$ cat protein.csv   # CSV, C-alpha atoms and all ligand atoms
chain,number,residue,atom,x,y,z
A,1,MET,CA,16.4,-68.2,97.1
A,2,ARG,CA,18.6,-67.4,100.1
A,3,HIS,CA,17.3,-68.8,103.3
A,4,ARG,CA,17.6,-66.0,105.8
A,5,ILE,CA,15.7,-62.8,105.4
A,6,PHE,CA,16.5,-60.0,107.8
A,7,LEU,CA,13.9,-57.3,108.3
A,8,ILE,CA,15.5,-54.0,109.2
A,9,GLY,CA,14.1,-50.6,110.3
A,10,PHE,CA,13.3,-48.2,113.0
A,11,MET,CA,11.1,-49.2,116.0
A,12,GLY,CA,7.5,-49.2,114.9
A,13,SER,CA,8.3,-49.8,111.2
A,14,GLY,CA,6.3,-53.0,111.1
A,15,LYS,CA,9.0,-55.6,111.1
A,16,SER,CA,7.1,-58.1,113.2
A,17,THR,CA,3.8,-57.5,111.5
A,18,LEU,CA,5.2,-57.9,108.0
A,19,GLY,CA,7.6,-60.6,109.1
A,20,LYS,CA,4.9,-63.0,110.3
A,21,ILE,CA,2.9,-62.7,107.0
A,22,LEU,CA,6.0,-62.9,104.9
A,23,ALA,CA,7.2,-66.0,106.7
A,24,GLU,CA,3.7,-67.6,106.2
A,25,LYS,CA,3.8,-66.9,102.4
A,26,LEU,CA,7.3,-68.4,102.1
A,27,ALA,CA,6.6,-71.3,104.5
A,28,PHE,CA,9.5,-70.0,106.5
A,29,THR,CA,9.8,-69.7,110.3
A,30,PHE,CA,9.4,-66.2,111.8
A,31,ILE,CA,11.9,-65.2,114.5
A,32,ASP,CA,11.9,-62.0,116.5
A,33,LEU,CA,15.4,-61.2,117.6
A,34,ASP,CA,14.3,-59.3,120.7
A,35,ASN,CA,12.5,-62.5,121.8
A,36,VAL,CA,15.7,-64.5,121.3
A,37,ILE,CA,17.6,-62.0,123.4
A,38,GLU,CA,14.9,-62.2,126.2
A,39,LYS,CA,15.2,-66.0,126.2
A,40,LEU,CA,19.0,-65.9,126.3
A,41,VAL,CA,19.1,-63.5,129.3
A,42,GLY,CA,15.9,-64.5,131.0
A,43,LYS,CA,14.8,-60.9,131.3
A,44,THR,CA,12.6,-58.5,129.3
A,45,ILE,CA,14.3,-55.9,127.0
A,46,PRO,CA,13.4,-53.0,129.4
A,47,GLU,CA,14.9,-55.0,132.3
A,48,ILE,CA,18.1,-55.7,130.4
A,49,PHE,CA,18.5,-52.0,129.7
A,50,SER,CA,17.8,-50.9,133.3
A,51,THR,CA,19.9,-53.6,135.0
A,52,SER,CA,22.9,-53.9,132.7
A,53,GLY,CA,22.7,-50.8,130.3
A,54,GLU,CA,22.6,-50.4,126.6
A,55,LEU,CA,26.1,-51.6,125.8
A,56,HIS,CA,25.5,-54.9,127.5
A,57,PHE,CA,22.2,-55.2,125.6
A,58,ARG,CA,24.1,-54.6,122.3
A,59,GLU,CA,26.6,-57.4,123.1
A,60,ILE,CA,23.8,-59.9,123.8
A,61,GLU,CA,22.0,-58.6,120.7
A,62,GLN,CA,25.0,-59.5,118.5
A,63,GLN,CA,25.3,-62.9,120.2
A,64,ALA,CA,21.6,-63.5,119.4
A,65,LEU,CA,22.2,-62.4,115.8
A,66,TYR,CA,25.2,-64.7,115.3
A,67,GLN,CA,23.0,-67.6,116.5
A,68,MET,CA,20.9,-67.1,113.4
A,69,ILE,CA,23.7,-68.7,111.4
A,70,SER,CA,22.2,-72.1,112.4
A,71,GLU,CA,18.7,-71.2,111.2
A,72,GLN,CA,17.5,-72.0,107.7
A,73,SER,CA,14.4,-70.7,105.9
A,74,VAL,CA,13.7,-67.9,108.4
A,75,VAL,CA,12.4,-64.4,108.4
A,76,ILE,CA,14.1,-62.5,111.2
A,77,ALA,CA,12.7,-59.2,112.6
A,78,THR,CA,15.8,-57.4,114.0
A,79,GLY,CA,15.6,-54.7,116.7
A,80,GLY,CA,15.8,-51.1,115.3
A,81,GLY,CA,19.4,-50.6,116.6
A,82,ALA,CA,20.7,-54.1,115.7
A,83,PRO,CA,22.3,-53.2,112.3
A,84,CYS,CA,23.9,-50.1,113.7
A,85,PHE,CA,26.3,-51.8,116.1
A,86,PHE,CA,29.6,-53.6,115.5
A,87,ASP,CA,29.7,-55.2,112.1
A,88,ASN,CA,26.1,-56.5,112.3
A,89,MET,CA,24.9,-54.9,109.0
A,90,THR,CA,27.8,-56.3,107.0
A,91,TRP,CA,27.3,-59.7,108.7
A,92,MET,CA,23.6,-59.7,107.8
A,93,ASN,CA,24.3,-58.8,104.2
A,94,ALA,CA,26.7,-61.7,104.0
A,95,GLN,CA,24.4,-64.2,105.6
A,96,GLY,CA,21.1,-63.4,104.0
A,97,THR,CA,18.8,-60.9,102.3
A,98,THR,CA,18.3,-57.6,104.1
A,99,ILE,CA,15.1,-55.6,103.7
A,100,TYR,CA,14.7,-52.1,105.0
A,101,LEU,CA,11.2,-51.0,106.0
A,102,ASN,CA,11.6,-47.3,105.5
A,103,CYS,CA,8.9,-45.2,107.3
A,104,SER,CA,8.3,-41.5,107.7
A,105,VAL,CA,8.8,-39.8,111.1
A,106,GLU,CA,5.0,-39.1,111.3
A,107,THR,CA,4.1,-42.8,110.8
A,108,LEU,CA,6.7,-44.0,113.3
A,109,ALA,CA,5.7,-41.4,115.9
A,110,ASN,CA,2.0,-42.2,115.6
A,111,ARG,CA,2.6,-45.9,116.0
A,112,LEU,CA,5.1,-45.6,118.8
A,113,LYS,CA,3.3,-43.2,121.0
A,114,SER,CA,1.1,-46.0,122.5
A,115,GLU,CA,3.9,-48.5,122.8
A,116,GLN,CA,6.6,-46.6,124.7
A,117,GLY,CA,6.6,-48.8,127.8
A,118,LEU,CA,8.0,-51.7,125.9
A,119,ARG,CA,10.8,-49.7,124.4
A,120,PRO,CA,13.4,-48.2,126.9
A,121,LEU,CA,14.9,-45.8,124.4
A,122,ILE,CA,11.6,-43.8,124.0
A,123,THR,CA,9.9,-44.1,127.4
A,124,GLY,CA,8.5,-40.9,128.8
A,125,PHE,CA,8.5,-38.7,125.7
A,126,ASP,CA,5.4,-36.7,124.6
A,127,LEU,CA,4.5,-36.8,120.9
A,128,GLU,CA,6.7,-33.8,120.0
A,129,GLU,CA,9.7,-35.1,121.9
A,130,LEU,CA,9.2,-38.5,120.3
A,131,LYS,CA,9.3,-36.9,116.8
A,132,VAL,CA,12.5,-35.0,117.7
A,133,PHE,CA,14.1,-38.2,119.0
A,134,ILE,CA,13.0,-40.2,115.9
A,135,ARG,CA,14.3,-37.6,113.5
A,136,ARG,CA,17.7,-37.5,115.2
A,137,LYS,CA,18.1,-41.3,115.5
A,138,LEU,CA,16.9,-41.8,111.9
A,139,ASP,CA,19.5,-39.3,110.6
A,140,GLU,CA,22.1,-41.3,112.6
A,141,ARG,CA,20.9,-44.8,111.5
A,142,SER,CA,19.8,-44.1,107.9
A,143,PRO,CA,23.2,-44.6,106.3
A,144,VAL,CA,23.3,-48.1,107.8
A,145,TYR,CA,19.7,-48.9,107.0
A,146,HIS,CA,20.3,-47.9,103.4
A,147,GLN,CA,22.9,-50.7,103.0
A,148,CYS,CA,19.9,-53.1,102.8
A,149,ARG,CA,19.4,-55.0,99.6
A,150,LEU,CA,15.6,-54.3,99.2
A,151,HIS,CA,13.8,-51.2,100.4
A,152,VAL,CA,10.0,-50.9,101.2
A,153,PHE,CA,8.6,-47.4,101.8
A,154,ASP,CA,5.8,-46.7,104.3
A,155,PHE,CA,3.7,-49.8,103.5
A,156,ASN,CA,0.0,-49.9,104.3
A,157,ASN,CA,-1.2,-53.2,103.1
A,158,VAL,CA,0.7,-56.0,104.8
A,159,GLN,CA,-0.5,-58.8,102.4
A,160,GLU,CA,0.3,-56.8,99.2
A,161,THR,CA,3.7,-55.8,100.5
A,162,ALA,CA,4.6,-59.3,101.5
A,163,ASP,CA,3.5,-60.5,98.0
A,164,LEU,CA,5.7,-57.8,96.4
A,165,ILE,CA,8.7,-58.9,98.5
A,166,VAL,CA,8.1,-62.6,97.6
A,167,ARG,CA,8.2,-61.6,93.9
A,168,ALA,CA,11.2,-59.4,94.3
A,169,LEU,CA,13.1,-62.1,96.1
A,170,ALA,CA,12.3,-64.6,93.3
A,171,ILE,CA,13.5,-62.1,90.6
A,172,GLY,CA,16.7,-61.4,92.5
A,173,GLN,CA,17.9,-65.0,92.4
B,201,LIG,C1,15.8,-50.7,119.8
B,201,LIG,C2,14.7,-51.3,119.2
B,201,LIG,C3,13.9,-52.4,119.9
B,201,LIG,C4,14.7,-53.2,120.9
B,201,LIG,C5,15.4,-52.2,121.9
B,201,LIG,C6,16.3,-51.2,121.2
B,201,LIG,C7,16.5,-49.7,119.1
B,201,LIG,O1,13.4,-53.3,118.9
B,201,LIG,O2,15.7,-53.9,120.3
B,201,LIG,O3,14.4,-51.6,122.6
B,201,LIG,O4,17.7,-49.4,119.4
B,201,LIG,O5,15.9,-49.1,118.1
B,201,LIG,P1,12.2,-52.9,117.9
B,201,LIG,O6,12.8,-52.2,116.8
B,201,LIG,O7,11.6,-54.3,117.5
B,201,LIG,O8,11.2,-52.1,118.7

$ encode --input "protein.csv" --output "structure tokens"
Amino acid sequence: MRHRIFLIGFMGSGKSTLGKILAEKLAFTFIDLDNVIEKLVGKTIPEIFSTSGELHFREIEQQALYQMISEQSVVIATGGGAPCFFDNMTWMNAQGTTIYLNCSVETLANRLKSEQGLRPLITGFDLEELKVFIRRKLDERSPVYHQCRLHVFDFNNVQETADLIVRALAIGQ
């Protein structure tokens, strides 16, 4: 089995929730790339966006991603935009197994409406505006997300989904 698993998907697709359980089942370490970025910079994600802007955030995000080369036996939850900048998606496909958590706009909007303060790209939207934003961004990002090796659609049961992934990973070797 390859030793780096990258979980990919839109904000609110459940990368951290599923990632922690998947890591437990594989006896891997769970890493949240946004946390790595916050430690690197010494600021929260909203602070980085507001003080330095998105482009700077994307540069640090790539730096944090590249650091993952020194990690073994890890499940990494990447930020929703991470695969869509620079050559990050190609890099992840070369360095590990990529898994796309594909979710419907409805599911994403319902999850995200209560968590907007933590995510600078969606702060201040009402539910309808949030759906419009998600639809537009998903259209833009989907071609990149679809380059992932495994796809999971709108999962409900975290344990069952993690079990399915463990089996799929074993078969793929
Ligand atoms: C972003 C997603 C966030 C975080 C940043 C930008 C995006 O991560 O990296 O706010 O561009 O979709 P999550 O997907 O973990 O929320």

$ closest_atom_pairs --input "protein.csv" --of "range 48-121 of chain A" --to "range 127-148 of chain A" --cutoff "7 Å" --atoms "all atoms listed in the file" --output "Markdown table"
| residue | atom | partner | partner_atom | distance |
| --- | --- | --- | --- | --- |
| A:Pro83 | CA | A:Val144 | CA | 6.9 |
| A:Cys84 | CA | A:Val144 | CA | 6.3 |
| A:Thr98 | CA | A:Cys148 | CA | 4.9 |
| A:Ile99 | CA | A:Cys148 | CA | 5.5 |
| A:Tyr100 | CA | A:Cys148 | CA | 5.7 |
| A:Val105 | CA | A:Ile134 | CA | 6.4 |
| A:Ala109 | CA | A:Lys131 | CA | 5.8 |
| A:Lys113 | CA | A:Leu127 | CA | 6.5 |

$ residues_around --input "protein.csv" --residues "Ile69 in chain A" --least-positions-apart "6" --cutoff "12 Å" --atoms "all atoms listed in the file" --output "PDB file with C-alpha atoms, in the frame of the given file"
ATOM      1  CA  HIS A   3      17.300 -68.800 103.300  1.00  0.00           C
ATOM      2  CA  ARG A   4      17.600 -66.000 105.800  1.00  0.00           C
ATOM      3  CA  ILE A   5      15.700 -62.800 105.400  1.00  0.00           C
ATOM      4  CA  PHE A   6      16.500 -60.000 107.800  1.00  0.00           C
ATOM      5  CA  GLN A  62      25.000 -59.500 118.500  1.00  0.00           C
ATOM      6  CA  GLN A  63      25.300 -62.900 120.200  1.00  0.00           C
ATOM      7  CA  ILE A  76      14.100 -62.500 111.200  1.00  0.00           C
ATOM      8  CA  TRP A  91      27.300 -59.700 108.700  1.00  0.00           C
ATOM      9  CA  MET A  92      23.600 -59.700 107.800  1.00  0.00           C
ATOM     10  CA  ALA A  94      26.700 -61.700 104.000  1.00  0.00           C
ATOM     11  CA  GLN A  95      24.400 -64.200 105.600  1.00  0.00           C
ATOM     12  CA  GLY A  96      21.100 -63.400 104.000  1.00  0.00           C
TER      13      GLY A  96
END

$ closest_residue --input "protein.csv" --among "A:Phe86, A:Phe49, A:Phe30, A:Phe57" --to "Val74 in chain A" --atoms "only C-alpha atoms"
A:Phe30

$ residues_around --input "protein.csv" --residues "His56 in chain A" --least-positions-apart "6" --cutoff "12 Å" --atoms "all atoms listed in the file" --output "ChimeraX atom specification"
/A:37,41,45,47-50,62-63,85

$ atom_distance --input "protein.csv" --atom1 "CA of Leu118 in chain A" --atom2 "CA of Met11 in chain A"
10.7 Å

$ closest_residue --input "protein.csv" --among "A:Phe28, A:Arg149, A:Thr161, A:Ala168" --to "Asn93 in chain A" --atoms "all atoms listed in the file"
A:Arg149

$ residues_near_ligand --input "protein.csv" --ligand "ligand LIG 201 (chain B)" --cutoff "6 Å" --atoms "all atoms listed in the file" --output "list in words"
Phe10, Met11, Asp34, Gly79, Gly80, Gly81, Arg119 and Pro120 of chain A
